[in-house]
file entry-v6.txt (compact mmCIF, C-alpha atoms)
# COMPACT_ATOMS: atom_id res chain seq x y z
CA MET Z 54 102.93 191.59 105.11
CA ALA Z 55 101.71 188.04 105.14
CA GLU Z 56 103.84 185.44 103.54
CA GLU Z 57 102.28 183.14 101.03
CA LYS Z 58 102.89 179.43 101.41
CA LYS Z 59 103.73 177.60 98.26
CA ASP Z 60 103.29 173.84 97.92
CA VAL Z 61 106.33 172.05 96.74
CA VAL Z 62 105.70 169.09 94.50
CA ASP Z 63 108.39 166.54 93.69
CA VAL Z 64 108.28 165.63 90.04
CA GLU Z 65 110.07 162.78 88.33
CA VAL Z 66 110.84 163.13 84.67
CA VAL Z 67 110.28 159.95 82.76
CA ASP Z 68 111.87 159.42 79.42
CA GLU Z 69 109.17 157.45 77.59
CA LYS Z 70 111.42 156.81 74.67
CA LYS Z 71 113.90 155.01 76.95
CA ASP Z 72 111.14 152.83 78.47
CA ASP Z 73 109.92 151.85 75.00
CA ALA Z 74 113.47 150.95 73.95
CA GLU Z 75 113.91 148.74 77.05
CA LYS Z 76 110.61 146.99 76.34
CA LYS Z 77 111.69 146.27 72.77
CA GLU Z 78 115.02 144.83 73.98
CA THR Z 79 113.37 142.50 76.50
CA LYS Z 80 110.62 141.54 74.06
CA GLY Z 81 113.06 139.28 72.20
CA GLU Z 82 113.98 137.49 75.44
CA LYS Z 83 111.13 135.13 76.26
CA LYS Z 84 110.47 134.41 79.88
CA PRO Z 85 109.15 130.95 80.68
CA GLY Z 86 105.43 131.38 80.24
CA PHE Z 87 102.35 129.31 80.71
CA PHE Z 88 102.73 127.29 77.51
CA SER Z 89 106.41 126.48 78.00
CA LYS Z 90 105.67 125.32 81.57
CA LEU Z 91 102.73 123.28 80.30
CA LYS Z 92 104.89 121.69 77.60
CA LYS Z 93 107.58 120.77 80.16
CA SER Z 94 104.95 119.28 82.46
CA LEU Z 95 103.48 117.23 79.60
CA ASP Z 96 106.94 116.10 78.49
CA ASP Z 97 107.79 115.02 82.05
CA SER Z 98 104.49 113.12 82.37
CA MET Z 99 105.05 111.43 79.02
CA LEU Z 100 108.58 110.40 80.02
CA GLU Z 101 107.33 108.90 83.31
CA SER Z 102 104.58 107.06 81.45
CA ASN Z 103 107.11 105.66 78.96
CA ILE Z 104 109.45 104.58 81.77
CA GLN Z 105 106.58 102.75 83.47
CA SER Z 106 105.59 101.13 80.16
CA ALA Z 107 109.18 99.96 79.65
CA TRP Z 108 109.09 98.35 83.12
CA ASN Z 109 105.68 96.79 82.49
CA ASP Z 110 106.77 95.32 79.14
CA ASP Z 111 109.67 93.51 80.83
CA HIS Z 112 107.76 92.20 83.88
CA GLN Z 113 104.75 90.02 84.53
CA LYS Z 114 101.39 91.27 85.72
CA TRP Z 115 100.22 90.76 89.31
CA GLU Z 116 96.91 91.41 91.06
CA ALA Z 117 96.54 92.39 94.72
CA PHE Z 118 93.47 91.76 96.87
CA VAL Z 119 92.78 92.70 100.50
CA TYR Z 120 90.45 91.13 103.03
CA GLY Z 121 87.05 92.80 103.10
CA GLY Z 122 87.53 94.38 99.67
CA SER Z 123 84.77 94.39 97.10
CA LEU Z 124 84.70 92.30 93.94
CA PHE Z 125 86.44 95.10 92.02
CA SER Z 126 88.90 96.14 94.74
CA GLY Z 127 91.91 94.36 93.24
CA SER Z 128 94.76 96.46 91.93
CA THR Z 129 97.22 95.47 89.22
CA PHE Z 130 100.93 96.13 88.86
CA HIS Z 131 103.98 94.59 87.19
CA GLY Z 132 106.90 92.93 88.90
CA SER Z 133 109.32 90.04 88.91
CA LEU Z 134 109.49 87.09 91.26
CA ASN Z 135 112.84 85.80 92.52
CA GLY Z 136 112.24 82.86 94.82
CA LYS Z 137 109.82 84.19 97.44
CA THR Z 138 110.62 87.87 96.82
CA LEU Z 139 108.64 90.06 94.46
CA THR Z 140 110.09 93.34 93.16
CA TYR Z 141 107.71 95.85 91.61
CA TYR Z 142 107.62 99.44 90.36
CA ALA Z 143 105.61 101.98 92.39
CA ARG Z 144 104.70 105.11 90.48
CA ASN Z 145 103.90 108.35 92.33
CA ASP Z 146 105.60 107.14 95.50
CA GLU Z 147 102.60 105.06 96.50
CA LYS Z 148 102.69 102.98 99.66
CA GLY Z 149 103.91 99.43 99.57
CA LEU Z 150 101.63 96.43 99.81
CA ALA Z 151 100.23 95.84 103.28
CA GLU Z 152 100.86 92.61 105.17
CA HIS Z 153 98.32 89.86 104.51
CA THR Z 154 97.51 91.14 101.02
CA LEU Z 155 96.77 88.28 98.62
CA LEU Z 156 98.74 88.38 95.36
CA LEU Z 157 97.95 86.45 92.20
CA ASP Z 158 100.57 85.83 89.54
CA SER Z 159 98.85 86.33 86.17
CA LYS Z 160 101.29 83.92 84.51
CA ASP Z 161 100.31 80.79 86.44
CA ASN Z 162 97.53 82.01 88.80
CA LYS Z 163 99.62 81.00 91.81
CA ALA Z 164 98.64 82.85 94.99
CA TYR Z 165 100.90 84.36 97.66
CA TRP Z 166 100.47 86.21 100.94
CA VAL Z 167 102.47 89.39 101.54
CA VAL Z 168 104.68 88.95 104.62
CA SER Z 169 106.58 92.26 104.52
CA SER Z 170 107.39 95.12 102.18
CA LYS Z 171 110.31 97.53 101.92
CA LYS Z 172 111.08 100.41 99.59
CA VAL Z 173 113.96 99.96 97.11
CA ASP Z 174 115.46 101.80 94.15
CA LEU Z 175 114.96 100.21 90.73
CA THR Z 176 116.93 100.79 87.55
CA ILE Z 177 114.69 100.98 84.49
CA TYR Z 178 116.19 101.10 81.00
CA TYR Z 179 114.29 103.25 78.50
CA ASP Z 180 115.36 104.80 75.19
CA GLY Z 181 119.09 104.23 75.74
CA THR Z 182 119.13 105.60 79.30
CA ASP Z 183 118.97 104.03 82.76
CA TYR Z 184 116.50 105.73 85.10
CA THR Z 185 116.31 105.19 88.86
CA ARG Z 186 112.79 105.00 90.24
CA SER Z 187 111.13 103.86 93.47
CA GLY Z 188 109.83 100.38 93.89
CA TYR Z 189 109.20 97.77 96.54
CA GLU Z 190 110.65 94.44 97.46
CA VAL Z 191 108.02 92.18 98.99
CA ALA Z 192 108.60 88.97 100.95
CA LEU Z 193 105.98 86.34 100.08
CA ASP Z 194 104.49 83.23 101.64
CA ASP Z 195 103.26 80.62 99.15
CA GLU Z 196 101.25 78.65 101.75
CA VAL Z 197 97.84 79.73 100.44
CA THR Z 198 94.74 77.55 100.61
CA GLU Z 199 92.03 77.99 98.01
CA VAL Z 200 88.47 77.24 99.18
CA LYS Z 201 85.09 77.04 97.51
CA VAL Z 202 82.50 79.45 98.89
CA VAL Z 203 78.94 80.51 98.30
CA LYS Z 204 78.30 84.24 98.39
CA ALA Z 205 75.03 85.28 100.05
CA GLY Z 206 74.63 89.06 100.08
CA ASP Z 207 77.74 90.42 101.74
CA LYS Z 208 78.63 87.12 103.47
CA TYR Z 209 80.51 84.04 102.27
CA TYR Z 210 79.89 80.43 103.31
CA LEU Z 211 82.28 77.54 102.90
CA TYR Z 212 81.01 75.07 100.29
CA LYS Z 213 81.65 71.64 101.78
CA PHE Z 214 80.23 69.39 99.07
CA GLU Z 215 82.21 67.82 96.24
CA LYS Z 216 81.29 68.75 92.73
call {"tool": "encode", "arguments": {"input": "entry-v6.txt", "output": "structure tokens"}}
result
Amino acid sequence: MAEEKKDVVDVEVVDEKKDDAEKKETKGEKKPGFFSKLKKSLDDSMLESNIQSAWNDDHQKWEAFVYGGSLFSGSTFHGSLNGKTLTYYARNDEKGLAEHTLLLDSKDNKAYWVVSSKKVDLTIYYDGTDYTRSGYEVALDDEVTEVKVVKAGDKYYLYKFEK
């Protein structure tokens, strides 16, 4: 007599009622979702913006210009001058000012050359709390000569006549 082969199938019994009960229990516990992450990101951005505004309100405005830059290539930032050293706040861990950058103090329009730049930690007071943020300390040279020029296309010519 030939023996018949029977297939054996493993079966797992699932208690659907138990799964539904577990889902209901975890439903009350909210996992951090998209909107809570978005809110935290917006709150963090707003805090950083407010910290920078607090720094800017307490410090004078400066403009930076580089050789060969266009008419609108100047950048602005806020800092404080102590002798021939300028300290300023650098948001987003930007690079410091390059040597030979021309700086203009918006308070008195005095010009300076950047001699060197090093990264430092700044303490910024905002809303009852001190925050530590990155900044730069820049050594300056105040031996700057202003000249009169005539712009012709993309070239400049020294104006040698008195006006």
call {"tool": "closest_residue", "arguments": {"input": "entry-v6.txt", "among": "Z:Tyr179, Z:Trp108, Z:Tyr209, Z:Tyr120", "to": "Tyr142 of chain Z", "atoms": "all atoms listed in the file"}}
result
Z:Trp108
call {"tool": "atom_distance", "arguments": {"input": "entry-v6.txt", "atom1": "atom CA of Leu150 of chain Z", "atom2": "atom CA of Val191 of chain Z"}}
result
7.7 Å
call {"tool": "closest_residue", "arguments": {"input": "entry-v6.txt", "among": "Z:Glu190, Z:Glu196, Z:Glu147, Z:Asp158", "to": "Phe118 of chain Z", "atoms": "all atoms listed in the file"}}
result
Z:Asp158
call {"tool": "atom_distance", "arguments": {"input": "entry-v6.txt", "atom1": "atom CA of Lys213 of chain Z", "atom2": "atom CA of Val119 of chain Z"}}
result
23.9 Å
call {"tool": "residues_around", "arguments": {"input": "entry-v6.txt", "residues": "Leu193 of chain Z", "least_positions_apart": "4", "cutoff": "8 Å", "atoms": "only C-alpha atoms", "output": "PyMOL selection string"}}
result
chain Z and resi 137-139+165-169
call {"tool": "closest_residue", "arguments": {"input": "entry-v6.txt", "among": "Z:His153, Z:Lys160, Z:Lys204, Z:Lys93", "to": "Lys114 of chain Z", "atoms": "only C-alpha atoms"}}
result
Z:Lys160
call {"tool": "residues_near_point", "arguments": {"input": "entry-v6.txt", "point": "(114.0, 94.4, 78.7)", "cutoff": "9 Å", "atoms": "only C-alpha atoms", "output": "PDB file with C-alpha atoms, in the frame of the given file"}}
result
ATOM      1  CA  ALA Z 107     109.180  99.960  79.650  1.00  0.00           C
ATOM      2  CA  TRP Z 108     109.090  98.350  83.120  1.00  0.00           C
ATOM      3  CA  ASP Z 110     106.770  95.320  79.140  1.00  0.00           C
ATOM      4  CA  ASP Z 111     109.670  93.510  80.830  1.00  0.00           C
ATOM      5  CA  HIS Z 112     107.760  92.200  83.880  1.00  0.00           C
ATOM      6  CA  ILE Z 177     114.690 100.980  84.490  1.00  0.00           C
ATOM      7  CA  TYR Z 178     116.190 101.100  81.000  1.00  0.00           C
ATOM      8  CA  TYR Z 179     114.290 103.250  78.500  1.00  0.00           C
TER       9      TYR Z 179
END
call {"tool": "closest_residue", "arguments": {"input": "entry-v6.txt", "among": "Z:Ser187, Z:Thr198, Z:Ser106, Z:Asn162", "to": "Tyr141 of chain Z", "atoms": "all atoms listed in the file"}}
result
Z:Ser187
call {"tool": "atom_distance", "arguments": {"input": "entry-v6.txt", "atom1": "atom CA of Ala205 of chain Z", "atom2": "atom CA of Ser159 of chain Z"}}
result
27.6 Å
call {"tool": "residues_near_point", "arguments": {"input": "entry-v6.txt", "point": "(88.1, 79.2, 97.0)", "cutoff": "12 Å", "atoms": "all atoms listed in the file", "output": "count of residues only"}}
result
14
call {"tool": "closest_residue", "arguments": {"input": "entry-v6.txt", "among": "Z:Asp161, Z:Glu116, Z:Asp174, Z:Asp96", "to": "Gly188 of chain Z", "atoms": "only C-alpha atoms"}}
result
Z:Asp174
call {"tool": "closest_residue", "arguments": {"input": "entry-v6.txt", "among": "Z:Ile104, Z:Met99, Z:Leu91, Z:Ala151", "to": "Asp180 of chain Z", "atoms": "only C-alpha atoms"}}
result
Z:Ile104
call {"tool": "build_atoms", "arguments": {"input": "entry-v6.txt", "residues": "segment 98-116 of chain Z", "atoms": "N, CA, C and O atoms", "output": "PDB file, in the coordinates of the input"}}
result
ATOM      1  N   SER Z  98     105.516 114.162  82.168  1.00  0.00           N
ATOM      2  CA  SER Z  98     104.490 113.120  82.370  1.00  0.00           C
ATOM      3  C   SER Z  98     104.623 112.025  81.329  1.00  0.00           C
ATOM      4  O   SER Z  98     104.487 110.836  81.650  1.00  0.00           O
ATOM      5  N   MET Z  99     104.893 112.411  80.092  1.00  0.00           N
ATOM      6  CA  MET Z  99     105.050 111.430  79.020  1.00  0.00           C
ATOM      7  C   MET Z  99     106.281 110.557  79.258  1.00  0.00           C
ATOM      8  O   MET Z  99     106.234 109.342  79.074  1.00  0.00           O
ATOM      9  N   LEU Z 100     107.375 111.163  79.714  1.00  0.00           N
ATOM     10  CA  LEU Z 100     108.580 110.400  80.020  1.00  0.00           C
ATOM     11  C   LEU Z 100     108.304 109.385  81.123  1.00  0.00           C
ATOM     12  O   LEU Z 100     108.662 108.211  81.011  1.00  0.00           O
ATOM     13  N   GLU Z 101     107.648 109.818  82.209  1.00  0.00           N
ATOM     14  CA  GLU Z 101     107.330 108.900  83.310  1.00  0.00           C
ATOM     15  C   GLU Z 101     106.441 107.762  82.841  1.00  0.00           C
ATOM     16  O   GLU Z 101     106.620 106.611  83.236  1.00  0.00           O
ATOM     17  N   SER Z 102     105.478 108.083  81.991  1.00  0.00           N
ATOM     18  CA  SER Z 102     104.580 107.060  81.450  1.00  0.00           C
ATOM     19  C   SER Z 102     105.368 106.059  80.603  1.00  0.00           C
ATOM     20  O   SER Z 102     105.140 104.841  80.686  1.00  0.00           O
ATOM     21  N   ASN Z 103     106.295 106.547  79.797  1.00  0.00           N
ATOM     22  CA  ASN Z 103     107.110 105.660  78.960  1.00  0.00           C
ATOM     23  C   ASN Z 103     108.045 104.802  79.798  1.00  0.00           C
ATOM     24  O   ASN Z 103     108.281 103.635  79.469  1.00  0.00           O
ATOM     25  N   ILE Z 104     108.592 105.362  80.876  1.00  0.00           N
ATOM     26  CA  ILE Z 104     109.450 104.580  81.770  1.00  0.00           C
ATOM     27  C   ILE Z 104     108.651 103.461  82.422  1.00  0.00           C
ATOM     28  O   ILE Z 104     109.095 102.317  82.494  1.00  0.00           O
ATOM     29  N   GLN Z 105     107.428 103.781  82.871  1.00  0.00           N
ATOM     30  CA  GLN Z 105     106.580 102.750  83.470  1.00  0.00           C
ATOM     31  C   GLN Z 105     106.213 101.691  82.434  1.00  0.00           C
ATOM     32  O   GLN Z 105     106.218 100.497  82.743  1.00  0.00           O
ATOM     33  N   SER Z 106     105.915 102.095  81.218  1.00  0.00           N
ATOM     34  CA  SER Z 106     105.590 101.130  80.160  1.00  0.00           C
ATOM     35  C   SER Z 106     106.776 100.210  79.871  1.00  0.00           C
ATOM     36  O   SER Z 106     106.591  99.009  79.638  1.00  0.00           O
ATOM     37  N   ALA Z 107     107.988 100.771  79.872  1.00  0.00           N
ATOM     38  CA  ALA Z 107     109.180  99.960  79.650  1.00  0.00           C
ATOM     39  C   ALA Z 107     109.306  98.903  80.754  1.00  0.00           C
ATOM     40  O   ALA Z 107     109.624  97.742  80.480  1.00  0.00           O
ATOM     41  N   TRP Z 108     109.058  99.303  82.007  1.00  0.00           N
ATOM     42  CA  TRP Z 108     109.090  98.350  83.120  1.00  0.00           C
ATOM     43  C   TRP Z 108     108.015  97.280  82.933  1.00  0.00           C
ATOM     44  O   TRP Z 108     108.286  96.079  83.056  1.00  0.00           O
ATOM     45  N   ASN Z 109     106.794  97.725  82.637  1.00  0.00           N
ATOM     46  CA  ASN Z 109     105.680  96.790  82.490  1.00  0.00           C
ATOM     47  C   ASN Z 109     105.920  95.777  81.379  1.00  0.00           C
ATOM     48  O   ASN Z 109     105.565  94.602  81.513  1.00  0.00           O
ATOM     49  N   ASP Z 110     106.519  96.223  80.267  1.00  0.00           N
ATOM     50  CA  ASP Z 110     106.770  95.320  79.140  1.00  0.00           C
ATOM     51  C   ASP Z 110     107.744  94.208  79.508  1.00  0.00           C
ATOM     52  O   ASP Z 110     107.679  93.115  78.950  1.00  0.00           O
ATOM     53  N   ASP Z 111     108.649  94.476  80.448  1.00  0.00           N
ATOM     54  CA  ASP Z 111     109.670  93.510  80.830  1.00  0.00           C
ATOM     55  C   ASP Z 111     109.302  92.670  82.052  1.00  0.00           C
ATOM     56  O   ASP Z 111     110.106  91.836  82.486  1.00  0.00           O
ATOM     57  N   HIS Z 112     108.131  92.896  82.645  1.00  0.00           N
ATOM     58  CA  HIS Z 112     107.760  92.200  83.880  1.00  0.00           C
ATOM     59  C   HIS Z 112     106.327  91.678  83.802  1.00  0.00           C
ATOM     60  O   HIS Z 112     105.489  92.244  83.094  1.00  0.00           O
ATOM     61  N   GLN Z 113     106.075  90.631  84.570  1.00  0.00           N
ATOM     62  CA  GLN Z 113     104.750  90.020  84.530  1.00  0.00           C
ATOM     63  C   GLN Z 113     103.740  90.795  85.381  1.00  0.00           C
ATOM     64  O   GLN Z 113     104.102  91.517  86.301  1.00  0.00           O
ATOM     65  N   LYS Z 114     102.503  90.579  85.047  1.00  0.00           N
ATOM     66  CA  LYS Z 114     101.390  91.270  85.720  1.00  0.00           C
ATOM     67  C   LYS Z 114     100.989  90.522  86.983  1.00  0.00           C
ATOM     68  O   LYS Z 114     100.958  89.295  87.003  1.00  0.00           O
ATOM     69  N   TRP Z 115     100.662  91.297  88.027  1.00  0.00           N
ATOM     70  CA  TRP Z 115     100.220  90.760  89.310  1.00  0.00           C
ATOM     71  C   TRP Z 115      98.934  91.479  89.717  1.00  0.00           C
ATOM     72  O   TRP Z 115      98.719  92.626  89.339  1.00  0.00           O
ATOM     73  N   GLU Z 116      98.113  90.791  90.498  1.00  0.00           N
ATOM     74  CA  GLU Z 116      96.910  91.410  91.060  1.00  0.00           C
ATOM     75  C   GLU Z 116      96.984  91.303  92.580  1.00  0.00           C
ATOM     76  O   GLU Z 116      97.428  90.287  93.113  1.00  0.00           O
TER      77      GLU Z 116
END
